[in-house]
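Have a look at the structure below before the remarks.
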There are 2 protein chains.
Amino acid sequence: MPKRQARGEQRMAEILDAAGRVFAASGYEKATTNAIAAEAGVSPGSLYQFFANKDAIAAALAGRFVTQMREAHEAALLGADPSTLDWPELIDRTVDPILAFNVANPGFKALFARPDMPAGLAAAAEPIQAALLGRVESVIAAKAPSLPADDRTRTARVAIQIFQAMLPMVLASPPGERPAVMAELKKVLYRYLSAPSP
Amino acid sequence: MPKRQARGEQRMAEILDAAGRVFAASGYEKATTNAIAAEAGVSPGSLYQFFANKDAIAAALAGRFVTQMREAHEAALLGADPSTLDWPELIDRTVDPILAFNVANPGFKALFARPDMPAGLAAAAEPIQAALLGRVESVIAAKAPSLPADDRTRTARVAIQIFQAMLPMVLASPPGERPAVMAELKKVLYRYLSAPSP
DNA sequence: AGAAGATACGAGCTTTTACTCGTGTTTTGC
DNA sequence: GCAAAACACGAGTAAAAGCTCGTATCTTCT
């Protein structure tokens, strides 16, 4: 790994932008590295000067997504104490930014919302999963402090799974119906999370 | 398409069996037609005597799955009037056979439980989706006859989506923990479906 | 029995795709 | 100013995978 110049950092960012677009259009598997290079306006050789292989591109893109998502979520909870908010508000403040983030970054779900991950991708996506899990767990902990850690983790995992499942439905819905589908997603989460524990 | 002899029908069944195993092990994309042929103990040439291409194999396998699943579901509801059953029982009788089917046929989820379908696969999987949607809709209709058709369809779709999302979690869980994960899945569905409509 | 057609084989063709490498240009450090 | 290093190019390589084709055997039907 050579020392990067400003020009190089910029190229890397351009390549990741392009990768996001190509992943969004074709999915990870069908996205070709040459297509990403072309989309970035760069030769294949240059692409491989910055990224060792296709998985490395996915990993770098995932890393960037993690950062951006954390910032969005922190902004949404800014100045509010989770334990004083009720469930609908808490769900709004957690779901809305992630949803908005997905609408703004269509490439995200190609790395995130898939039950079966190829080996390379799984490693790249793991930080996203871990980051999200931590955030949801902290929200649940705020509302139900007495819940054992095991149950909390399981509940968070299930909630994330539900969210992942419905993401494609939300993104595939025509803009006019989107609010209704989003409401349905929140309804599922609310009914699952707000019900009394077993 | 030539007229099949008994030998040919048997070979086709063997190839589909093999395809199920290979899809289960590698997923649809990474499964190679040569690997399927080898698993079936057949040459690549023979494979293409029965199936025009890889998508056709998936389509045939999907067709077989639809039939088997319908039979399993009908058996589970045998002699019971859905409208007289309560939600937990109804969920049990719908979810259990599909879950058992998935455990017995690991290749099924490679064709079914994926939010992003390649073009060819989407066509092959569509009958499965349609069949399942119809079954779930009829169950919902039995319990909530007054629900408008639109809402019923949307609710059924969401329920199926939830099920698909949690399927990998269930199948990935160690056999010891599987009952707990299954219970969690049913809990989500119960809370979603049994709550008063908006 | 004999012809026609179905089944079977597997080497190899074609296309695709991740990735390389030789060469040339721009930037940096001294 | 000059060498070293980073950046850039794009034709080319090697491997993988879907699929074909010539040939040979087995079944069926008359």
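We label chains A, B, ... in the order they appear in the structure tokens, count residues from 1 in each chain, and number ligands from 1 in the order shown.
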
Quick one: contact table of chain B to chain C, 10 Å max, nearest atom pair and distance in Å to one decimal per residue, counting only C-alpha atoms (C1' of nucleotides), chain and number order, as a tab-separated table?
residue	atom	partner	partner_atom	distance
B:Pro2	CA	C:DA6	C1'	7.5
B:Lys3	CA	C:DA6	C1'	7.7
B:Arg4	CA	C:DA6	C1'	7.2
B:Gln5	CA	C:DA6	C1'	7.2
B:Arg7	CA	C:DT7	C1'	8.1
B:Gly8	CA	C:DT7	C1'	7.2
B:Arg11	CA	C:DT7	C1'	9.6
B:Val42	CA	C:DA8	C1'	8.2
B:Ser43	CA	C:DC9	C1'	6.2
B:Pro44	CA	C:DG10	C1'	7.7
B:Gly45	CA	C:DC9	C1'	6.9
B:Ser46	CA	C:DA8	C1'	6.0
B:Leu47	CA	C:DA8	C1'	9.7
B:Gln49	CA	C:DT7	C1'	8.4
B:Phe50	CA	C:DT7	C1'	9.9

Excluding A:Arg178 and any residue of its chain fewer than 3 positions from it, enumerate the residues within 12 Å of it, using only C-alpha atoms (C1' of nucleotides), and give them as an MDAnalysis selection string.
chainID A and resid 99:100 103 166:175 181:185

Restricted to C-alpha atoms, what would the selected residues look like written as a short mmCIF file (atom, residue, chain, number, x, y, z; two decimals), in the first residue's frame?
data_model
loop_
_atom_site.label_atom_id
_atom_site.label_comp_id
_atom_site.auth_asym_id
_atom_site.auth_seq_id
_atom_site.Cartn_x
_atom_site.Cartn_y
_atom_site.Cartn_z
CA LEU A 99 -34.59 4.60 5.27
CA ALA A 100 -33.63 8.03 3.98
CA VAL A 103 -33.14 6.08 -0.67
CA MET A 166 -39.00 -4.93 4.06
CA LEU A 167 -36.37 -2.60 2.71
CA PRO A 168 -36.70 -3.89 -0.85
CA MET A 169 -40.47 -3.53 -0.59
CA VAL A 170 -40.08 0.08 0.48
CA LEU A 171 -37.51 0.93 -2.17
CA ALA A 172 -39.46 -0.86 -4.89
CA SER A 173 -42.69 0.91 -4.10
CA PRO A 174 -43.66 3.82 -6.33
CA PRO A 175 -42.99 7.14 -4.57
CA VAL A 181 -45.30 0.93 2.92
CA MET A 182 -43.08 2.78 5.36
CA ALA A 183 -45.98 3.01 7.77
CA GLU A 184 -46.54 -0.72 7.44
CA LEU A 185 -42.91 -1.40 8.25
#

Using 8 Å as the limit and counting only C-alpha atoms (C1' of nucleotides), can you tabulate each residue of chain D that touches chain B, with its shortest atom-to-atom distance in Å and the two atoms involved, as JSON lines?
{"residue": "D:DA17", "atom": "C1'", "partner": "B:Thr32", "partner_atom": "CA", "distance": 6.7}
{"residue": "D:DG18", "atom": "C1'", "partner": "B:Thr33", "partner_atom": "CA", "distance": 7.3}
{"residue": "D:DC19", "atom": "C1'", "partner": "B:Asn53", "partner_atom": "CA", "distance": 8.0}

At most 7 Å to chain A: residues in chain B, only C-alpha atoms, as number ranges by chain
B: 114-115, 161-162, 165-166, 168, 188, 191-192

Residue list (helix (DSSP H, G or I), DSSP) for chain A, as a ChimeraX atom specification:
/A:6-30,33-40,44-50,54-76,82-84,87-104,108-112,119-143,149-172,178-194
